[in-house]
file protein.txt (compact mmCIF, C-alpha atoms)
# COMPACT_ATOMS: atom_id res chain seq x y z
CA MET S 1 -71.74 73.04 33.44
CA LYS S 2 -69.30 70.15 33.25
CA ILE S 3 -66.41 72.44 34.28
CA LYS S 4 -68.41 73.80 37.24
CA LYS S 5 -69.14 70.25 38.39
CA ILE S 6 -65.48 69.35 38.15
CA ILE S 7 -64.46 72.43 40.17
CA ALA S 8 -67.11 71.73 42.79
CA GLY S 9 -65.90 68.16 43.09
CA LEU S 10 -62.32 69.29 43.57
CA LEU S 11 -63.37 71.73 46.31
CA VAL S 12 -65.24 69.02 48.18
CA ALA S 13 -62.32 66.66 47.89
CA THR S 14 -59.88 69.32 49.03
CA THR S 15 -62.06 70.22 52.03
CA ALA S 16 -62.42 66.59 53.00
CA PHE S 17 -58.67 66.06 52.73
CA SER S 18 -57.99 69.16 54.85
CA LEU S 19 -60.41 68.03 57.55
CA ALA S 20 -58.88 64.60 57.58
CA ALA S 21 -55.39 66.09 57.83
CA CYS S 22 -56.43 68.34 60.70
CA GLY S 23 -58.05 65.42 62.45
CA ASN S 24 -54.97 63.26 62.08
CA SER S 25 -52.71 66.07 63.25
CA GLY S 26 -54.81 66.66 66.37
CA SER S 27 -54.90 62.95 67.18
CA GLY S 28 -51.17 62.66 66.72
CA ASP S 29 -50.50 65.63 69.01
CA THR S 30 -52.74 64.17 71.70
CA LYS S 31 -51.02 60.83 71.56
CA LYS S 32 -47.62 62.50 71.64
CA SER S 33 -48.65 64.62 74.61
CA ASP S 34 -49.94 61.58 76.49
CA ALA S 35 -46.76 59.71 75.68
CA ASP S 36 -44.62 62.61 76.86
CA THR S 37 -46.42 62.61 80.20
CA SER S 38 -46.33 58.86 80.76
CA GLU S 39 -42.79 58.36 79.45
CA LYS S 40 -41.16 61.37 81.11
CA LYS S 41 -37.99 60.09 82.73
CA GLU S 42 -36.15 63.30 83.60
CA ILE S 43 -37.30 65.11 86.73
CA VAL S 44 -36.07 68.67 87.19
CA TYR S 45 -36.13 69.81 90.80
CA GLY S 46 -35.58 73.16 92.46
CA LYS S 47 -32.44 73.00 94.57
CA SER S 48 -32.07 75.17 97.67
CA GLN S 49 -29.47 75.17 100.42
CA GLY S 50 -30.91 73.42 103.41
CA PRO S 51 -31.91 70.08 104.90
CA TYR S 52 -34.87 69.31 102.65
CA THR S 53 -33.04 69.34 99.32
CA GLU S 54 -30.15 67.46 100.91
CA LEU S 55 -32.51 64.79 102.22
CA PHE S 56 -34.10 64.57 98.77
CA GLU S 57 -30.71 64.16 97.10
CA ASP S 58 -29.30 61.71 99.65
CA ALA S 59 -32.32 59.48 100.13
CA ILE S 60 -34.94 60.02 97.40
CA VAL S 61 -32.83 60.52 94.27
CA PRO S 62 -31.17 57.06 94.56
CA ILE S 63 -34.61 55.43 94.83
CA LEU S 64 -35.87 57.29 91.76
CA GLU S 65 -32.74 56.44 89.80
CA LYS S 66 -33.37 52.76 90.47
CA GLU S 67 -36.80 53.29 88.90
CA GLY S 68 -35.14 54.59 85.74
CA TYR S 69 -35.45 58.33 86.34
CA THR S 70 -32.78 60.93 85.74
CA LEU S 71 -32.72 63.85 88.17
CA LYS S 72 -31.57 67.35 87.24
CA ALA S 73 -31.12 70.16 89.77
CA VAL S 74 -31.69 73.86 89.16
CA ASP S 75 -30.13 76.10 91.83
CA LEU S 76 -32.57 78.72 93.10
CA SER S 77 -31.72 81.48 95.54
CA ASP S 78 -34.84 81.50 97.70
CA LEU S 79 -38.23 79.86 98.07
CA GLN S 80 -40.17 82.58 96.29
CA THR S 81 -37.89 82.30 93.26
CA ALA S 82 -38.20 78.52 93.47
CA ASP S 83 -42.00 78.72 93.41
CA VAL S 84 -42.01 81.13 90.48
CA ALA S 85 -39.79 78.69 88.57
CA LEU S 86 -42.10 75.82 89.50
CA ASN S 87 -45.23 77.69 88.51
CA ASP S 88 -43.63 78.76 85.20
CA GLY S 89 -42.67 75.17 84.39
CA ASP S 90 -38.91 75.71 84.58
CA VAL S 91 -38.71 72.98 87.23
CA ASP S 92 -41.03 70.06 87.96
CA VAL S 93 -40.96 69.88 91.76
CA ASN S 94 -39.59 71.34 94.96
CA VAL S 95 -39.46 70.03 98.53
CA GLU S 96 -38.89 73.22 100.53
CA GLN S 97 -42.25 74.48 101.78
CA HIS S 98 -45.29 73.88 103.92
CA THR S 99 -48.86 74.43 102.78
CA ALA S 100 -49.15 77.75 104.63
CA TYR S 101 -46.38 79.20 102.46
CA MET S 102 -47.69 77.51 99.31
CA ASP S 103 -51.23 78.81 99.81
CA ASN S 104 -49.91 82.32 100.34
CA PHE S 105 -47.82 82.07 97.16
CA ASN S 106 -50.77 80.75 95.14
CA GLN S 107 -52.92 83.64 96.29
CA SER S 108 -50.25 86.29 95.69
CA TYR S 109 -49.19 85.03 92.26
CA ASN S 110 -52.44 83.49 91.03
CA ALA S 111 -50.51 80.22 90.89
CA ASP S 112 -51.71 76.61 90.95
CA LEU S 113 -49.17 74.73 93.04
CA VAL S 114 -50.36 71.69 95.00
CA ALA S 115 -48.90 69.53 97.76
CA ILE S 116 -48.82 65.81 96.96
CA SER S 117 -47.05 64.27 99.96
CA PRO S 118 -45.78 65.26 103.39
CA ILE S 119 -42.08 64.85 104.08
CA PRO S 120 -39.95 64.91 107.25
CA THR S 121 -39.81 68.36 108.81
CA VAL S 122 -37.31 70.13 111.05
CA PRO S 123 -39.25 71.90 113.83
CA ALA S 124 -38.78 75.52 114.77
CA GLY S 125 -37.01 76.04 118.07
CA VAL S 126 -36.01 78.53 120.75
CA TYR S 127 -32.26 78.99 121.26
CA SER S 128 -30.07 81.14 123.49
CA ASP S 129 -26.37 81.63 124.12
CA LYS S 130 -27.15 83.38 127.41
CA TYR S 131 -29.68 81.13 129.17
CA ASP S 132 -30.09 77.40 129.68
CA SER S 133 -33.87 77.33 129.98
CA VAL S 134 -36.92 79.18 128.70
CA ASP S 135 -37.92 79.55 132.36
CA GLU S 136 -35.02 81.95 132.93
CA ILE S 137 -36.46 84.63 130.69
CA PRO S 138 -35.95 88.07 132.29
CA ASP S 139 -38.41 90.92 132.31
CA GLY S 140 -37.99 92.99 129.16
CA ALA S 141 -36.20 90.19 127.32
CA LYS S 142 -35.18 90.81 123.72
CA VAL S 143 -36.36 88.05 121.38
CA ALA S 144 -35.81 87.74 117.62
CA VAL S 145 -38.40 86.04 115.41
CA PRO S 146 -38.65 85.58 111.61
CA ASN S 147 -40.33 88.35 109.63
CA ASP S 148 -41.97 86.28 106.87
CA ALA S 149 -45.68 85.85 107.60
CA SER S 150 -46.11 82.08 107.92
CA ASN S 151 -42.96 81.57 109.97
CA THR S 152 -43.65 84.60 112.15
CA ALA S 153 -46.98 83.01 113.07
CA ARG S 154 -45.50 79.58 113.83
CA CYS S 155 -42.90 81.11 116.15
CA TYR S 156 -45.47 83.13 118.07
CA LEU S 157 -47.49 79.93 118.48
CA MET S 158 -44.38 78.24 119.85
CA LEU S 159 -43.82 81.09 122.30
CA GLN S 160 -47.42 80.77 123.43
CA LYS S 161 -46.87 77.04 123.94
CA ILE S 162 -44.02 77.69 126.38
CA GLY S 163 -46.04 80.29 128.27
CA TRP S 164 -44.24 83.47 127.26
CA ILE S 165 -47.25 85.09 125.61
CA LYS S 166 -50.96 84.58 125.05
CA LEU S 167 -52.54 85.06 121.64
CA ASP S 168 -56.07 86.12 120.80
CA GLU S 169 -58.04 82.88 120.73
CA ASN S 170 -60.14 84.22 117.86
CA ALA S 171 -57.12 84.86 115.63
CA ASP S 172 -56.23 82.54 112.76
CA PRO S 173 -53.24 80.53 114.07
CA SER S 174 -51.61 80.47 110.64
CA THR S 175 -51.53 84.26 110.36
CA VAL S 176 -51.05 85.60 113.89
CA THR S 177 -48.88 88.68 114.34
CA GLN S 178 -47.65 90.81 117.23
CA ASP S 179 -51.03 92.56 117.11
CA ASP S 180 -52.67 89.30 118.21
CA ILE S 181 -50.64 89.10 121.44
CA VAL S 182 -53.10 89.83 124.26
CA GLU S 183 -50.82 88.96 127.17
CA ASN S 184 -47.06 89.58 127.43
CA PRO S 185 -46.26 89.09 131.14
CA HIS S 186 -42.49 89.25 130.64
CA ASN S 187 -42.72 92.49 128.63
CA ILE S 188 -40.79 90.83 125.83
CA GLU S 189 -39.39 93.14 123.17
CA PHE S 190 -39.81 91.34 119.86
CA THR S 191 -37.69 92.08 116.79
CA GLU S 192 -38.94 90.61 113.51
CA MET S 193 -36.12 90.17 111.01
CA ASN S 194 -34.96 88.07 108.08
CA SER S 195 -34.72 84.57 109.51
CA MET S 196 -31.43 83.84 107.75
CA THR S 197 -29.73 86.71 109.59
CA ILE S 198 -30.99 85.79 113.06
CA PRO S 199 -28.30 83.23 114.03
CA ALA S 200 -25.48 85.68 113.33
CA ALA S 201 -27.20 88.21 115.59
CA GLU S 202 -27.92 85.76 118.41
CA SER S 203 -25.63 87.56 120.86
CA ASP S 204 -27.75 90.70 120.48
CA PHE S 205 -30.78 88.92 121.91
CA ASP S 206 -31.71 86.99 125.02
CA TYR S 207 -33.43 84.33 122.92
CA ILE S 208 -34.02 83.66 119.25
CA ALA S 209 -36.88 81.75 117.65
CA ILE S 210 -35.91 80.18 114.32
CA THR S 211 -37.22 77.56 111.92
CA GLY S 212 -35.60 74.23 111.23
CA SER S 213 -34.03 75.06 107.89
CA VAL S 214 -32.33 78.09 109.44
CA VAL S 215 -31.07 75.93 112.31
CA TYR S 216 -29.60 73.51 109.80
CA ASN S 217 -28.06 76.11 107.49
CA ALA S 218 -26.46 77.95 110.41
CA GLY S 219 -24.85 74.74 111.67
CA ILE S 220 -26.68 74.95 114.99
CA ASP S 221 -26.99 71.70 116.92
CA ALA S 222 -30.75 71.05 116.93
CA SER S 223 -30.43 69.16 120.21
CA THR S 224 -29.54 72.44 121.96
CA ALA S 225 -33.04 73.85 121.40
CA LEU S 226 -34.59 74.99 124.69
CA ALA S 227 -38.07 74.38 123.25
CA ASN S 228 -39.61 73.15 120.00
CA GLU S 229 -42.87 73.84 118.26
CA ASP S 230 -45.71 71.39 117.91
CA ILE S 231 -45.87 70.80 114.17
CA GLN S 232 -49.28 71.93 112.91
CA ASP S 233 -50.73 70.22 109.84
CA TYR S 234 -50.25 73.32 107.69
CA LEU S 235 -46.57 73.51 108.72
CA VAL S 236 -45.57 70.02 107.61
CA LEU S 237 -43.15 70.23 104.69
CA GLN S 238 -44.47 68.95 101.38
CA VAL S 239 -43.57 67.70 97.92
CA VAL S 240 -45.04 70.43 95.69
CA VAL S 241 -45.83 70.36 91.95
CA LYS S 242 -48.11 72.19 89.54
CA GLU S 243 -51.69 70.97 89.75
CA GLU S 244 -51.61 69.66 86.18
CA ASN S 245 -48.77 67.30 87.15
CA LYS S 246 -50.10 65.92 90.43
CA ASP S 247 -51.21 62.60 88.88
CA ALA S 248 -48.24 62.18 86.53
CA ASP S 249 -46.29 58.93 86.82
CA TRP S 250 -43.08 60.75 87.75
CA ALA S 251 -44.85 62.74 90.48
CA GLN S 252 -46.33 59.55 91.92
CA ALA S 253 -42.87 57.98 91.80
CA ILE S 254 -41.61 60.74 94.12
CA VAL S 255 -44.54 60.15 96.49
CA ASP S 256 -43.88 56.40 96.47
CA ALA S 257 -40.19 56.99 97.21
CA TYR S 258 -40.99 59.00 100.35
CA HIS S 259 -43.39 56.25 101.47
CA SER S 260 -41.03 53.39 100.65
CA ASP S 261 -39.46 50.94 103.10
CA GLU S 262 -36.06 52.02 101.80
CA PHE S 263 -36.72 55.60 102.87
CA LYS S 264 -38.05 54.48 106.27
CA GLN S 265 -34.82 52.58 106.82
CA TYR S 266 -32.76 55.58 105.74
CA MET S 267 -34.50 57.79 108.31
CA LYS S 268 -34.00 55.21 111.07
CA GLU S 269 -30.28 55.20 110.36
CA ASN S 270 -29.80 58.92 109.78
CA ASN S 271 -32.15 60.79 112.11
CA ASP S 272 -30.16 62.17 115.05
CA GLY S 273 -33.14 64.06 116.42
CA LEU S 274 -33.19 66.77 113.77
CA TRP S 275 -36.24 65.42 111.94
CA TRP S 276 -39.91 65.19 112.87
CA ILE S 277 -41.40 62.41 110.72
CA PRO S 278 -45.10 62.39 109.75
CA GLU S 279 -46.91 59.29 110.98
CA GLU S 280 -47.72 58.08 107.47
CA LEU S 281 -43.99 57.94 106.64
CA GLN S 282 -43.00 56.00 109.75
call {"tool": "encode", "arguments": {"input": "protein.txt", "output": "structure tokens"}}
result
Amino acid sequence: MKIKKIIAGLLVATTAFSLAACGNSGSGDTKKSDADTSEKKEIVYGKSQGPYTELFEDAIVPILEKEGYTLKAVDLSDLQTADVALNDGDVDVNVEQHTAYMDNFNQSYNADLVAISPIPTVPAGVYSDKYDSVDEIPDGAKVAVPNDASNTARCYLMLQKIGWIKLDENADPSTVTQDDIVENPHNIEFTEMNSMTIPAAESDFDYIAITGSVVYNAGIDASTALANEDIQDYLVLQVVVKEENKDADWAQAIVDAYHSDEFKQYMKENNDGLWWIPEELQ
């Protein structure tokens, strides 16, 4: 009996010790996790060729560095790859997309990316090396537009704005396609193609409709646009992170940098007409 009591006592003691150890381990992990989040000082961003990453590096990175952050770039070939990397946690943030693109990516990839701040945006525009005005459009004109869904829609909206076409008023503006064109008085022949290849093919068309990043990457003078889009809310470029990081100190530091007086001053000194600036950043 005495031996059984001793064994029972040892089992109770061992169980209690194990529970205590598990409890301490869990508490320690939680504290470490919280500390990692609050003390994170390296921000890894997706780097793409174009105006938005360059603006981030030229104007935002110096502000963040003054706040004690270290910035690390990861080169990514295209926006879809950049979003996959962001969703997988390989990078912390990117500054290359509007909410229309982000929402489409989230739906297609079951992702959880969120926009945390608007940033300056380069509007889409209509360009031509044959005509000096959108009013000169001939009957049967050949016009190139981007073939990715969100940017296709924004360009058709722009062409409606200048009176070239009329879209079905019941169609969702963010997803309109050629099928939603109900009036085409100039009998325009539209070619939808990879937006990055449009500038090189400009001479094959009467007019081209391209987005701001393409304008910038192709070295086109934005002031030569014959027309520009009205920036819709869902087309404003955004700082994008994973939902779990939206309230992190480092994410808020990026938001604060874009809203800072230092950034406002930078834009005043460096905006030659390329950028459309959201009101809250002015």
call {"tool": "residues_around", "arguments": {"input": "protein.txt", "residues": "S:Val215", "least_positions_apart": "6", "cutoff": "10 Å", "atoms": "only C-alpha atoms", "output": "ChimeraX atom specification"}}
result
/S:50-51,122-125,127,195-196,198-199,209,221-222,225,274
call {"tool": "residues_around", "arguments": {"input": "protein.txt", "residues": "S:Ala82", "least_positions_apart": "3", "cutoff": "10 Å", "atoms": "only C-alpha atoms", "output": "VMD selection string"}}
result
chain S and resid 45 to 48 74 to 79 85 to 88 90 to 91 93 to 96
call {"tool": "write_last_selection", "arguments": {"input": "protein.txt", "atoms": "C-alpha atoms", "output": "PDB file, keeping the file's coordinate frame"}}
result
ATOM      1  CA  TYR S  45     -36.130  69.810  90.800  1.00  0.00           C
ATOM      2  CA  GLY S  46     -35.580  73.160  92.460  1.00  0.00           C
ATOM      3  CA  LYS S  47     -32.440  73.000  94.570  1.00  0.00           C
ATOM      4  CA  SER S  48     -32.070  75.170  97.670  1.00  0.00           C
ATOM      5  CA  VAL S  74     -31.690  73.860  89.160  1.00  0.00           C
ATOM      6  CA  ASP S  75     -30.130  76.100  91.830  1.00  0.00           C
ATOM      7  CA  LEU S  76     -32.570  78.720  93.100  1.00  0.00           C
ATOM      8  CA  SER S  77     -31.720  81.480  95.540  1.00  0.00           C
ATOM      9  CA  ASP S  78     -34.840  81.500  97.700  1.00  0.00           C
ATOM     10  CA  LEU S  79     -38.230  79.860  98.070  1.00  0.00           C
ATOM     11  CA  ALA S  85     -39.790  78.690  88.570  1.00  0.00           C
ATOM     12  CA  LEU S  86     -42.100  75.820  89.500  1.00  0.00           C
ATOM     13  CA  ASN S  87     -45.230  77.690  88.510  1.00  0.00           C
ATOM     14  CA  ASP S  88     -43.630  78.760  85.200  1.00  0.00           C
ATOM     15  CA  ASP S  90     -38.910  75.710  84.580  1.00  0.00           C
ATOM     16  CA  VAL S  91     -38.710  72.980  87.230  1.00  0.00           C
ATOM     17  CA  VAL S  93     -40.960  69.880  91.760  1.00  0.00           C
ATOM     18  CA  ASN S  94     -39.590  71.340  94.960  1.00  0.00           C
ATOM     19  CA  VAL S  95     -39.460  70.030  98.530  1.00  0.00           C
ATOM     20  CA  GLU S  96     -38.890  73.220 100.530  1.00  0.00           C
TER      21      GLU S  96
END
call {"tool": "residues_around", "arguments": {"input": "protein.txt", "residues": "S:Asn110", "least_positions_apart": "3", "cutoff": "12 Å", "atoms": "only C-alpha atoms", "output": "list in words"}}
result
Asp83, Val84, Asn87, Asp88, Met102, Asp103, Asn104, Phe105, Asn106, Gln107 and Leu113 of chain S
call {"tool": "write_last_selection", "arguments": {"input": "protein.txt", "atoms": "C-alpha atoms", "output": "PDB file, in the coordinates of the input"}}
result
ATOM      1  CA  ASP S  83     -42.000  78.720  93.410  1.00  0.00           C
ATOM      2  CA  VAL S  84     -42.010  81.130  90.480  1.00  0.00           C
ATOM      3  CA  ASN S  87     -45.230  77.690  88.510  1.00  0.00           C
ATOM      4  CA  ASP S  88     -43.630  78.760  85.200  1.00  0.00           C
ATOM      5  CA  MET S 102     -47.690  77.510  99.310  1.00  0.00           C
ATOM      6  CA  ASP S 103     -51.230  78.810  99.810  1.00  0.00           C
ATOM      7  CA  ASN S 104     -49.910  82.320 100.340  1.00  0.00           C
ATOM      8  CA  PHE S 105     -47.820  82.070  97.160  1.00  0.00           C
ATOM      9  CA  ASN S 106     -50.770  80.750  95.140  1.00  0.00           C
ATOM     10  CA  GLN S 107     -52.920  83.640  96.290  1.00  0.00           C
ATOM     11  CA  LEU S 113     -49.170  74.730  93.040  1.00  0.00           C
TER      12      LEU S 113
END
call {"tool": "residues_around", "arguments": {"input": "protein.txt", "residues": "S:Glu189", "least_positions_apart": "3", "cutoff": "9 Å", "atoms": "all atoms listed in the file", "output": "PyMOL selection string"}}
result
chain S and resi 140-144+186
call {"tool": "atom_distance", "arguments": {"input": "protein.txt", "atom1": "atom CA of S:Tyr258", "atom2": "atom CA of S:Gly68"}}
result
16.3 Å
call {"tool": "residues_around", "arguments": {"input": "protein.txt", "residues": "S:Ile63", "least_positions_apart": "4", "cutoff": "8 Å", "atoms": "all atoms listed in the file", "output": "list in words"}}
result
Ala59, Glu67, Ala257 and Glu262 of chain S
call {"tool": "atom_distance", "arguments": {"input": "protein.txt", "atom1": "atom CA of S:Lys72", "atom2": "atom CA of S:Val240"}}
result
16.2 Å
call {"tool": "closest_residue", "arguments": {"input": "protein.txt", "among": "S:Leu64, S:Ile116, S:Ile188, S:Ile208", "to": "S:Val145", "atoms": "all atoms listed in the file"}}
result
S:Ile208
call {"tool": "atom_distance", "arguments": {"input": "protein.txt", "atom1": "atom CA of S:Glu269", "atom2": "atom CA of S:Gly212"}}
result
19.8 Å
call {"tool": "decode", "arguments": {"input": "protein.txt", "residues": "stretch 73-145 of chain S", "atoms": "C-alpha atoms", "output": "compact mmCIF listing (two decimals), in the first residue's frame"}}
result
# COMPACT_ATOMS: atom_id res chain seq x y z
CA ALA S 73 13.59 44.51 -51.64
CA VAL S 74 12.62 41.27 -53.37
CA ASP S 75 12.49 41.55 -57.17
CA LEU S 76 9.29 40.08 -58.60
CA SER S 77 8.52 39.72 -62.29
CA ASP S 78 4.85 40.67 -62.33
CA LEU S 79 1.99 41.66 -60.06
CA GLN S 80 0.47 38.20 -59.82
CA THR S 81 3.80 36.76 -58.70
CA ALA S 82 4.16 39.68 -56.28
CA ASP S 83 0.76 38.95 -54.73
CA VAL S 84 1.50 35.24 -54.39
CA ALA S 85 4.73 36.14 -52.57
CA LEU S 86 2.83 38.56 -50.35
CA ASN S 87 0.09 36.08 -49.55
CA ASP S 88 2.67 33.35 -48.81
CA GLY S 89 4.55 35.64 -46.42
CA ASP S 90 7.72 35.89 -48.51
CA VAL S 91 7.33 39.68 -48.54
CA ASP S 92 5.51 42.01 -46.15
CA VAL S 93 4.05 44.62 -48.49
CA ASN S 94 3.67 45.81 -52.06
CA VAL S 95 2.57 49.12 -53.56
CA GLU S 96 1.65 48.13 -57.11
CA GLN S 97 -2.10 47.52 -57.27
CA HIS S 98 -5.58 48.93 -56.95
CA THR S 99 -8.40 47.28 -55.02
CA ALA S 100 -10.05 45.97 -58.19
CA TYR S 101 -6.96 43.86 -58.93
CA MET S 102 -6.51 42.89 -55.27
CA ASP S 103 -10.11 41.75 -54.90
CA ASN S 104 -9.83 39.65 -58.04
CA PHE S 105 -6.61 38.07 -56.76
CA ASN S 106 -8.16 37.33 -53.36
CA GLN S 107 -11.10 35.61 -55.01
CA SER S 108 -8.98 33.62 -57.46
CA TYR S 109 -6.38 32.48 -54.92
CA ASN S 110 -8.48 32.37 -51.75
CA ALA S 111 -6.08 35.00 -50.41
CA ASP S 112 -6.48 37.56 -47.63
CA LEU S 113 -4.73 40.68 -48.86
CA VAL S 114 -6.01 44.06 -47.66
CA ALA S 115 -5.43 47.67 -48.68
CA ILE S 116 -4.33 49.93 -45.83
CA SER S 117 -3.68 53.28 -47.53
CA PRO S 118 -4.15 54.96 -50.90
CA ILE S 119 -1.06 56.24 -52.67
CA PRO S 120 -0.48 58.55 -55.65
CA THR S 121 -1.66 57.00 -58.91
CA VAL S 122 -0.68 57.50 -62.54
CA PRO S 123 -3.89 57.71 -64.61
CA ALA S 124 -4.55 55.68 -67.72
CA GLY S 125 -4.43 57.69 -70.92
CA VAL S 126 -5.11 57.72 -74.65
CA TYR S 127 -2.07 58.23 -76.89
CA SER S 128 -1.44 58.39 -80.62
CA ASP S 129 1.50 58.95 -82.93
CA LYS S 130 -0.88 59.67 -85.82
CA TYR S 131 -3.43 62.14 -84.41
CA ASP S 132 -3.29 65.20 -82.18
CA SER S 133 -6.78 64.92 -80.71
CA VAL S 134 -9.32 62.28 -79.75
CA ASP S 135 -11.79 64.24 -81.89
CA GLU S 136 -9.89 63.22 -85.04
CA ILE S 137 -10.77 59.56 -84.69
CA PRO S 138 -11.62 58.11 -88.13
CA ASP S 139 -14.36 55.64 -88.90
CA GLY S 140 -13.08 52.11 -88.39
CA ALA S 141 -10.20 53.26 -86.20
CA LYS S 142 -7.94 50.60 -84.74
CA VAL S 143 -7.50 50.97 -80.98
CA ALA S 144 -5.40 48.83 -78.61
CA VAL S 145 -6.47 48.30 -75.00
